[in-house]
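Colleague: Just so it is clear, I am handing over data.txt, which has compact mmCIF, C-alpha atoms.
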# COMPACT_ATOMS: atom_id res chain seq x y z
CA MET A 1114 100.57 102.95 66.29
CA LYS A 1115 104.06 103.31 64.85
CA HIS A 1116 105.51 106.71 64.01
CA ARG A 1117 108.73 107.50 62.23
CA ARG A 1118 110.97 110.30 63.42
CA ILE A 1119 112.23 112.95 61.00
CA PRO A 1120 115.82 112.00 60.03
CA ASN A 1121 117.73 115.02 61.37
CA ARG A 1122 116.32 114.89 64.87
CA ARG A 1123 118.15 112.46 67.09
CA ALA A 1124 115.22 111.36 69.19
CA VAL A 1125 116.14 109.06 71.99
CA ILE A 1126 114.03 106.67 73.94
CA ALA A 1127 114.34 105.03 77.26
CA GLY A 1128 114.95 101.35 77.96
CA ALA A 1129 114.68 98.78 80.60
CA GLY A 1130 115.30 97.99 84.13
CA ALA A 1131 113.89 96.18 87.05
CA LEU A 1132 112.62 96.75 90.51
CA ALA A 1133 115.08 97.05 93.40
CA LEU A 1134 112.87 96.31 96.30
CA ALA A 1135 112.83 98.73 99.19
CA ALA A 1136 115.99 100.31 97.76
CA SER A 1137 115.82 104.05 98.40
CA ALA A 1138 119.53 104.20 97.67
CA THR A 1139 121.89 106.94 96.63
CA VAL A 1140 125.42 105.62 96.16
CA VAL A 1141 126.15 101.90 96.11
CA LEU A 1142 129.18 100.88 98.14
CA ALA A 1143 130.99 97.62 98.73
CA ASN A 1144 129.11 94.90 100.62
CA ALA A 1145 128.96 95.57 104.34
CA ASN A 1146 127.33 94.16 107.46
CA ALA A 1147 126.57 90.95 105.62
CA SER A 1148 126.77 87.30 106.50
CA GLN A 1149 126.67 84.53 103.96
CA ALA A 1150 123.82 82.06 103.67
CA PRO A 1151 124.44 78.71 105.37
CA ALA A 1152 126.69 76.33 103.46
CA SER A 1153 123.78 73.92 103.10
CA THR A 1154 121.76 76.40 101.06
CA PRO A 1155 121.12 74.95 97.57
CA ALA A 1156 122.84 76.57 94.60
CA LEU A 1157 120.66 79.28 93.08
CA ALA A 1158 119.69 79.41 89.42
CA LYS A 1159 121.27 82.25 87.46
CA LEU A 1160 118.91 85.12 86.72
CA THR A 1161 118.75 87.86 84.11
CA SER A 1162 118.03 91.36 85.40
CA GLY A 1163 114.47 90.98 84.10
CA ALA A 1164 113.98 87.73 85.99
CA ALA A 1165 115.45 89.32 89.09
CA THR A 1166 112.90 92.12 88.76
CA ALA A 1167 110.04 89.67 88.59
CA LEU A 1168 111.40 87.83 91.61
CA ALA A 1169 111.86 91.07 93.55
CA SER A 1170 108.20 91.97 93.01
CA HIS A 1171 107.25 88.83 94.97
CA LEU A 1172 109.60 89.66 97.83
CA LYS A 1173 108.75 93.30 98.20
CA THR A 1174 107.52 93.26 101.80
CA ASP A 1175 109.22 92.42 105.07
CA THR A 1176 112.78 92.80 103.80
CA ALA A 1177 115.59 95.30 104.27
CA GLY A 1178 116.13 95.90 100.54
CA ALA A 1179 117.56 93.96 97.61
CA PHE A 1180 119.91 94.29 94.66
CA TYR A 1181 120.91 92.41 91.53
CA ASP A 1182 124.39 90.88 91.50
CA ALA A 1183 125.09 91.11 87.76
CA LYS A 1184 128.35 89.15 87.97
CA ALA A 1185 126.84 86.20 89.83
CA LYS A 1186 123.44 86.71 88.12
CA LYS A 1187 121.41 86.48 91.29
CA LEU A 1188 119.04 88.57 93.36
CA VAL A 1189 120.36 89.30 96.85
CA VAL A 1190 117.72 90.07 99.47
CA ASN A 1191 118.62 91.74 102.76
CA VAL A 1192 116.93 90.15 105.78
CA VAL A 1193 117.00 90.63 109.54
CA ASN A 1194 115.50 87.34 110.74
CA GLN A 1195 115.24 83.67 109.81
CA ALA A 1196 111.63 83.95 108.63
CA GLN A 1197 112.60 86.55 106.02
CA ALA A 1198 115.62 84.46 105.00
CA LYS A 1199 113.50 81.36 104.54
CA ALA A 1200 110.98 83.23 102.40
CA ALA A 1201 113.69 84.72 100.20
CA ARG A 1202 115.44 81.38 99.64
CA ALA A 1203 112.15 79.66 98.91
CA LYS A 1204 111.61 82.09 96.03
CA GLY A 1205 115.11 81.52 94.61
CA ALA A 1206 116.94 84.58 95.98
CA GLU A 1207 120.03 84.71 98.14
CA ALA A 1208 119.31 85.84 101.71
CA ARG A 1209 121.85 88.15 103.33
CA PHE A 1210 121.58 89.09 107.01
CA VAL A 1211 122.07 92.80 107.71
CA GLN A 1212 122.06 95.00 110.79
CA HIS A 1213 119.45 97.65 109.96
CA THR A 1214 115.81 97.20 108.96
CA PHE A 1215 114.35 99.22 106.14
CA ALA A 1216 112.16 101.11 108.62
CA GLN A 1217 115.21 102.17 110.63
CA LEU A 1218 117.02 103.41 107.54
CA ASP A 1219 113.95 105.16 106.19
CA SER A 1220 113.58 106.97 109.52
CA ALA A 1221 117.19 108.17 109.19
CA ARG A 1222 116.47 109.36 105.64
CA GLN A 1223 113.45 111.32 106.85
CA THR A 1224 115.61 112.97 109.53
CA LEU A 1225 118.06 114.08 106.86
CA LYS A 1226 115.21 115.48 104.79
CA SER A 1227 113.82 117.50 107.69
CA LYS A 1228 117.13 118.74 109.12
CA ALA A 1229 119.63 118.81 106.24
CA THR A 1230 117.92 119.62 102.92
CA ILE A 1231 120.84 121.59 101.52
CA PRO A 1232 121.38 122.36 97.80
CA GLY A 1233 124.20 120.18 96.46
CA THR A 1234 123.32 117.07 98.48
CA SER A 1235 121.64 113.74 97.79
CA TRP A 1236 120.78 110.73 99.90
CA GLY A 1237 118.93 107.45 100.01
CA ILE A 1238 118.95 103.91 101.32
CA ASP A 1239 121.74 101.82 99.80
CA PRO A 1240 120.80 98.11 99.86
CA GLN A 1241 124.39 96.92 99.36
CA SER A 1242 125.92 98.82 102.28
CA ASN A 1243 122.73 98.66 104.38
CA LYS A 1244 123.14 102.36 105.15
CA VAL A 1245 121.73 105.71 104.14
CA VAL A 1246 124.46 107.15 101.96
CA VAL A 1247 124.65 110.93 101.85
CA THR A 1248 126.58 112.68 99.06
CA ALA A 1249 127.70 116.32 99.23
CA ASP A 1250 128.94 118.02 96.07
CA ARG A 1251 131.78 120.58 95.95
CA THR A 1252 129.44 123.51 96.67
CA VAL A 1253 128.60 122.19 100.15
CA LYS A 1254 131.17 123.78 102.46
CA GLY A 1255 131.55 125.86 105.60
CA ALA A 1256 128.47 126.11 107.81
CA LYS A 1257 126.39 124.02 105.40
CA LEU A 1258 128.88 121.15 105.50
CA ASP A 1259 129.11 121.44 109.28
CA ARG A 1260 125.33 121.19 109.53
CA LEU A 1261 125.18 118.20 107.22
CA THR A 1262 128.01 116.44 109.06
CA LYS A 1263 126.38 117.02 112.45
CA VAL A 1264 123.05 115.55 111.32
CA ALA A 1265 124.76 112.59 109.66
CA GLN A 1266 126.85 111.84 112.74
CA SER A 1267 123.79 112.00 114.99
CA LEU A 1268 122.36 109.03 113.07
CA GLY A 1269 125.35 106.81 113.89
CA ASP A 1270 126.31 103.85 111.71
CA LYS A 1271 123.03 103.99 109.78
CA VAL A 1272 124.50 106.86 107.70
CA GLU A 1273 127.67 107.33 105.66
CA LEU A 1274 128.72 110.74 104.32
CA ARG A 1275 130.56 110.92 101.00
CA HIS A 1276 131.83 113.80 98.88
CA SER A 1277 131.64 114.47 95.15
CA LYS A 1278 134.12 116.68 93.27
CA GLY A 1279 131.38 117.73 90.87
CA LYS A 1280 128.27 119.89 91.25
CA PHE A 1281 124.70 118.54 91.10
CA THR A 1282 122.93 120.41 88.28
CA PRO A 1283 120.19 119.65 85.75
CA PHE A 1284 121.83 118.86 82.41
CA ILE A 1285 120.37 121.49 80.07
CA GLY A 1286 122.46 123.27 77.44
CA GLY A 1287 122.67 124.62 73.89
CA GLY A 1288 123.38 122.63 70.70
CA ASP A 1289 121.72 119.93 68.56
CA ALA A 1290 118.68 117.66 69.23
CA ILE A 1291 115.40 119.22 70.42
CA TRP A 1292 115.53 122.99 70.67
CA GLY A 1293 113.55 125.89 72.04
CA SER A 1294 114.18 129.40 73.37
CA GLY A 1295 117.93 129.13 72.78
CA ALA A 1296 118.29 126.00 74.92
CA ARG A 1297 118.72 122.34 74.02
CA CYS A 1298 117.63 119.09 75.61
CA SER A 1299 117.32 115.50 74.39
CA LEU A 1300 114.09 113.77 73.50
CA GLY A 1301 113.42 110.95 75.93
CA PHE A 1302 111.07 108.64 74.13
CA ASN A 1303 107.94 108.75 72.02
CA VAL A 1304 104.62 107.86 73.58
CA VAL A 1305 100.95 107.68 72.71
CA LYS A 1306 98.21 109.34 74.74
CA ASP A 1307 94.53 109.13 73.77
CA GLY A 1308 95.66 107.87 70.35
CA GLN A 1309 97.79 110.97 69.73
CA PRO A 1310 101.61 111.18 69.40
CA TYR A 1311 103.66 112.81 72.18
CA PHE A 1312 107.15 112.60 73.62
CA LEU A 1313 108.59 112.68 77.12
CA THR A 1314 111.61 114.69 78.19
CA ALA A 1315 112.91 116.20 81.45
CA GLY A 1316 110.62 118.43 83.49
CA HIS A 1317 113.23 121.16 83.89
CA CYS A 1318 113.41 121.25 80.08
CA GLY A 1319 109.63 121.58 79.79
CA ASN A 1320 109.67 124.42 82.33
CA GLU A 1321 112.05 126.37 80.12
CA ILE A 1322 110.81 125.45 76.65
CA LYS A 1323 107.21 125.61 75.41
CA SER A 1324 107.74 125.20 71.65
CA TRP A 1325 110.13 122.54 70.33
CA SER A 1326 112.08 122.20 67.08
CA ASP A 1327 114.33 119.44 65.76
CA GLN A 1328 117.03 122.00 64.91
CA GLN A 1329 118.23 125.34 66.21
CA GLY A 1330 115.97 128.08 64.87
CA GLY A 1331 113.81 125.54 63.03
CA SER A 1332 110.04 125.25 62.70
CA ALA A 1333 108.04 123.99 65.64
CA ILE A 1334 107.37 120.26 65.77
CA ALA A 1335 105.84 120.00 69.26
CA THR A 1336 104.58 122.04 72.19
CA THR A 1337 104.95 121.33 75.90
CA GLU A 1338 101.62 120.28 77.37
CA ASP A 1339 102.77 119.80 80.96
CA SER A 1340 105.98 119.77 83.01
CA LYS A 1341 106.85 118.84 86.58
CA PHE A 1342 110.03 120.16 88.24
CA PRO A 1343 111.16 120.25 90.99
CA GLY A 1344 109.59 117.42 93.01
CA ASP A 1345 109.61 115.24 89.88
CA ASP A 1346 111.51 115.80 86.64
CA PHE A 1347 109.40 114.89 83.61
CA SER A 1348 107.38 116.71 80.96
CA LEU A 1349 105.04 115.84 78.10
CA ALA A 1350 105.12 117.49 74.66
CA LYS A 1351 102.54 116.96 71.89
CA TYR A 1352 103.60 116.73 68.25
CA THR A 1353 101.96 119.53 66.28
CA GLY A 1354 102.51 118.31 62.72
CA ASP A 1355 103.07 115.20 60.66
CA THR A 1356 106.34 114.41 62.37
CA ALA A 1357 107.68 110.85 62.18
CA HIS A 1358 108.66 109.38 65.55
CA PRO A 1359 109.24 105.64 65.97
CA SER A 1360 109.51 103.90 69.31
CA GLU A 1361 113.26 103.42 69.29
CA VAL A 1362 116.53 104.70 70.73
CA ASP A 1363 119.12 106.43 68.56
CA LEU A 1364 122.44 104.58 69.12
CA TYR A 1365 124.41 107.21 67.17
CA ASN A 1366 126.18 104.57 65.08
CA GLY A 1367 123.69 104.35 62.24
CA SER A 1368 121.44 101.92 64.10
CA THR A 1369 118.63 102.09 66.63
CA GLN A 1370 117.28 100.04 69.52
CA LYS A 1371 113.55 99.28 69.32
CA ILE A 1372 111.64 100.06 72.51
CA THR A 1373 108.57 97.96 73.32
CA LYS A 1374 107.92 98.58 77.01
CA ALA A 1375 108.78 100.56 80.13
CA ALA A 1376 110.22 98.99 83.28
CA GLU A 1377 111.53 99.81 86.72
CA ALA A 1378 115.28 99.70 87.36
CA THR A 1379 117.19 97.32 89.63
CA VAL A 1380 120.24 98.23 91.69
CA GLY A 1381 123.19 96.49 90.01
CA GLU A 1382 121.61 96.43 86.54
CA LYS A 1383 123.75 97.29 83.49
CA VAL A 1384 122.19 100.11 81.46
CA GLN A 1385 122.83 102.51 78.57
CA ARG A 1386 122.09 106.21 78.14
CA SER A 1387 121.58 108.06 74.86
CA GLY A 1388 121.76 111.86 74.68
CA SER A 1389 122.39 114.58 72.14
CA THR A 1390 125.62 115.91 73.67
CA THR A 1391 127.59 112.79 74.55
CA GLN A 1392 125.63 110.20 72.55
CA VAL A 1393 125.67 106.65 74.01
CA HIS A 1394 127.36 105.62 77.27
CA ASP A 1395 126.84 102.67 79.58
CA GLY A 1396 127.14 101.94 83.27
CA THR A 1397 125.36 100.51 86.30
CA VAL A 1398 122.32 101.42 88.37
CA LYS A 1399 123.68 102.41 91.76
CA ALA A 1400 120.53 103.39 93.65
CA LEU A 1401 116.78 103.89 93.46
CA ASN A 1402 114.43 106.42 95.04
CA ALA A 1403 117.29 108.87 95.46
CA SER A 1404 116.63 112.43 96.61
CA VAL A 1405 118.70 115.16 94.94
CA ASN A 1406 118.78 118.72 96.23
CA TYR A 1407 119.47 120.86 93.15
CA GLN A 1408 119.85 124.61 93.48
CA GLU A 1409 116.40 124.86 91.85
CA GLY A 1410 114.78 122.53 94.39
CA THR A 1411 114.58 118.91 95.53
CA VAL A 1412 113.66 116.01 93.25
CA ASP A 1413 112.71 112.71 94.87
CA GLY A 1414 112.35 109.17 93.57
CA LEU A 1415 115.25 109.27 91.11
CA ILE A 1416 117.46 106.48 89.74
CA GLN A 1417 121.17 107.03 90.40
CA THR A 1418 123.82 105.58 88.09
CA ASP A 1419 127.51 105.91 87.28
CA VAL A 1420 126.68 106.57 83.60
CA CYS A 1421 128.19 109.91 82.57
CA ALA A 1422 126.21 112.82 81.11
CA GLU A 1423 126.72 116.48 80.23
CA PRO A 1424 124.62 119.61 79.56
CA GLY A 1425 122.22 119.01 76.68
CA ASP A 1426 121.76 115.34 77.57
CA SER A 1427 118.80 116.28 79.82
CA GLY A 1428 115.67 114.31 79.03
CA GLY A 1429 117.60 111.66 77.11
CA ALA A 1430 117.01 107.95 77.38
CA LEU A 1431 118.14 105.46 80.00
CA PHE A 1432 117.45 101.98 78.63
CA ASP A 1433 118.23 98.29 78.85
CA GLY A 1434 117.49 96.36 75.68
CA ASP A 1435 113.95 97.05 74.52
CA ALA A 1436 112.67 98.52 77.79
CA ALA A 1437 112.53 102.21 78.78
CA ILE A 1438 113.88 102.99 82.25
CA GLY A 1439 114.45 106.72 82.75
CA LEU A 1440 114.85 110.29 81.55
CA THR A 1441 118.14 112.08 82.21
CA SER A 1442 117.66 114.60 85.01
CA GLY A 1443 121.09 115.84 86.13
CA GLY A 1444 124.13 115.07 88.21
CA SER A 1445 127.78 115.91 88.61
CA GLY A 1446 130.89 115.36 86.51
CA ASP A 1447 131.17 114.78 82.78
CA CYS A 1448 132.12 112.08 80.28
CA THR A 1449 135.85 112.77 80.73
CA LYS A 1450 136.08 112.53 84.51
CA GLY A 1451 132.91 110.56 85.21
CA GLY A 1452 130.47 111.32 88.02
CA GLU A 1453 126.96 110.60 89.24
CA THR A 1454 123.89 110.94 87.02
CA PHE A 1455 120.26 110.84 88.13
CA PHE A 1456 117.25 109.77 86.07
CA GLN A 1457 113.50 110.24 86.38
CA PRO A 1458 111.82 106.79 86.23
CA VAL A 1459 109.77 106.35 83.07
CA PRO A 1460 106.88 104.31 84.56
CA GLU A 1461 106.00 107.16 86.94
CA ALA A 1462 105.82 109.66 84.07
CA LEU A 1463 103.68 107.34 81.95
CA LYS A 1464 101.27 106.78 84.82
CA ALA A 1465 101.04 110.50 85.57
CA TYR A 1466 100.03 111.28 81.97
CA GLY A 1467 98.00 108.20 81.12
CA ALA A 1468 100.42 107.48 78.26
CA GLU A 1469 102.14 104.38 76.92
CA ILE A 1470 105.26 103.61 74.93
CA GLY A 1471 104.54 103.90 71.23
Before anything else, please render the file you have as structure tokens.
Modeller:
Amino acid sequence: MKHRRIPNRRAVIAGAGALALAASATVVLANANASQAPASTPALAKLTSGAATALASHLKTDTAGAFYDAKAKKLVVNVVNQAQAKAARAKGAEARFVQHTFAQLDSARQTLKSKATIPGTSWGIDPQSNKVVVTADRTVKGAKLDRLTKVAQSLGDKVELRHSKGKFTPFIGGGDAIWGSGARCSLGFNVVKDGQPYFLTAGHCGNEIKSWSDQQGGSAIATTEDSKFPGDDFSLAKYTGDTAHPSEVDLYNGSTQKITKAAEATVGEKVQRSGSTTQVHDGTVKALNASVNYQEGTVDGLIQTDVCAEPGDSGGALFDGDAAIGLTSGGSGDCTKGGETFFQPVPEALKAYGAEIG
């Protein structure tokens, strides 16, 4: 089923990524604790991010994480013993020996969750640094920062604490795009459920807005059927009239990108984001399965990128070519200074609602 969107609503759709295995990362740092494969290792074939995703799915177990090296076009798999290295090389990936196992890093992440869940922080397992990277925004200070620092230091070299000059917030605001109750978000992408047309956007948007319009003060075009935030950050809205809505991303230059599928993201993948405030910007996936402690509550399982975003971009599309990756959740910074931006993975939302791209 193909639906066309009404012209004056800038609906945006998500696009594609790939799976970063065992990568519960937050902020990707420079390579650390790594040793190169033996000189006798055969040259590896160059891979696209999509091919790296497929390869990662076959190497998902018994590793310490993986990431896509976009410059070299190869999948790098972290290993802690020769058996893992042999298996990775046999599949066509580069094996990189690291100090910490995934289980050790995940245990450190769980300690942070139980002892240092403080608004304004995020953390996750970074496959490139082989550490749990903790980020504290500018609101984390005084006793809260002391507490966070103490917990991080107790975990030794498995954890690295970093600071952000911005503030982690969901990106909701007023303006153009999809409207309701005086607030604005961005449409993520159009989907089909039980043969009926719907769209996905951010959960914190769905919590605030029950009736949607394509313009401020306009007639209703959709109603929120369900929303999940915090915990997750996605919502489902059902079109209420004969509203056109094709499966494509608005590129804000007179053209669109057709969307045919949804996919997981890969650390290191180059992506684009489309939103109603700042339109289209690009960047790199820095982490997967990130936990972000907003003032409103914690959201787990997010994609972290260095793509900028601002209020009103919430719910907008993260995409790579014709594949949908994520819905804009929130972050810090803006499109002048930069910052971190987090995205709700699209496949999880589709599975939760029994919907498909369309």
Colleague: Check the smallest atom-to-atom distance from each of A:Gln1417, A:Ser1324, A:Gln1266, A:Asn1402 to Gly1381 of chain A using all atoms listed in the file, then report the winner.
Modeller: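 The answer is A:Gln1417, which sits nearest to Gly1381 of chain A.
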Colleague: Nearest to Phe1180 of chain A: which of A:Lys1278, A:Arg1386, A:Lys1263, A:Arg1209 is it, counting all atoms listed in the file?
Modeller: A:Arg1209
Colleague: When you count all atoms listed in the file, which of these residues is closest to Glu1207 of chain A: A:Leu1157, A:Thr1224, A:Asp1395, A:Glu1469?
Modeller: A:Leu1157
Colleague: In Å, with one decimal, what is the gap from atom CA of Leu1431 of chain A to atom CA of Gly1308 of chain A?
Modeller: 24.6 Å
Colleague: Can you work out which one of A:Thr1418, A:Gln1329, A:Thr1449, A:Thr1356 has the shortest atom-to-atom distance to Pro1310 of chain A, counting all atoms listed in the file?
Modeller: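 Closest to Pro1310 of chain A, using all atoms listed in the file: A:Thr1356.
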Colleague: Between atom CA of Leu1415 of chain A and atom CA of Thr1454 of chain A, what distance in Å does the model show, to one decimal?
Modeller: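 Atom CA of Thr1454 of chain A lies 9.7 Å from atom CA of Leu1415 of chain A.
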Colleague: Can you report as JSON the centre and edge lengths in Å, to one decimal, of an axis-aligned box around the listed atoms of segment 1389-1395 of chain A padded with 6 Å on each side?
Modeller:
{"center_x": 125.0, "center_y": 109.3, "center_z": 75.9, "size_x": 17.2, "size_y": 25.2, "size_z": 19.4}
Colleague: Could you please determine the separation between atom CA of Glu1338 of chain A and atom CA of Gly1439 of chain A in Å, to one decimal place?
Modeller: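 It comes out at 19.4 Å.
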Colleague: Any chance you could tabulate, as JSON lines, the residues of segment 1363-1438 of chain A at most 9 Å from segment 1233-1237 of chain A with each one's nearest atom pair and distance in Å to one decimal, using only C-alpha atoms, in chain and rising number order?
Modeller:
{"residue": "A:Ala1400", "atom": "CA", "partner": "A:Gly1237", "partner_atom": "CA", "distance": 7.7}
{"residue": "A:Leu1401", "atom": "CA", "partner": "A:Gly1237", "partner_atom": "CA", "distance": 7.8}
{"residue": "A:Asn1402", "atom": "CA", "partner": "A:Gly1237", "partner_atom": "CA", "distance": 6.8}
{"residue": "A:Ala1403", "atom": "CA", "partner": "A:Gly1237", "partner_atom": "CA", "distance": 5.0}
{"residue": "A:Ser1404", "atom": "CA", "partner": "A:Ser1235", "partner_atom": "CA", "distance": 5.3}
{"residue": "A:Val1405", "atom": "CA", "partner": "A:Ser1235", "partner_atom": "CA", "distance": 4.3}
{"residue": "A:Asn1406", "atom": "CA", "partner": "A:Thr1234", "partner_atom": "CA", "distance": 5.3}
{"residue": "A:Tyr1407", "atom": "CA", "partner": "A:Gly1233", "partner_atom": "CA", "distance": 5.8}
{"residue": "A:Gln1408", "atom": "CA", "partner": "A:Gly1233", "partner_atom": "CA", "distance": 6.9}
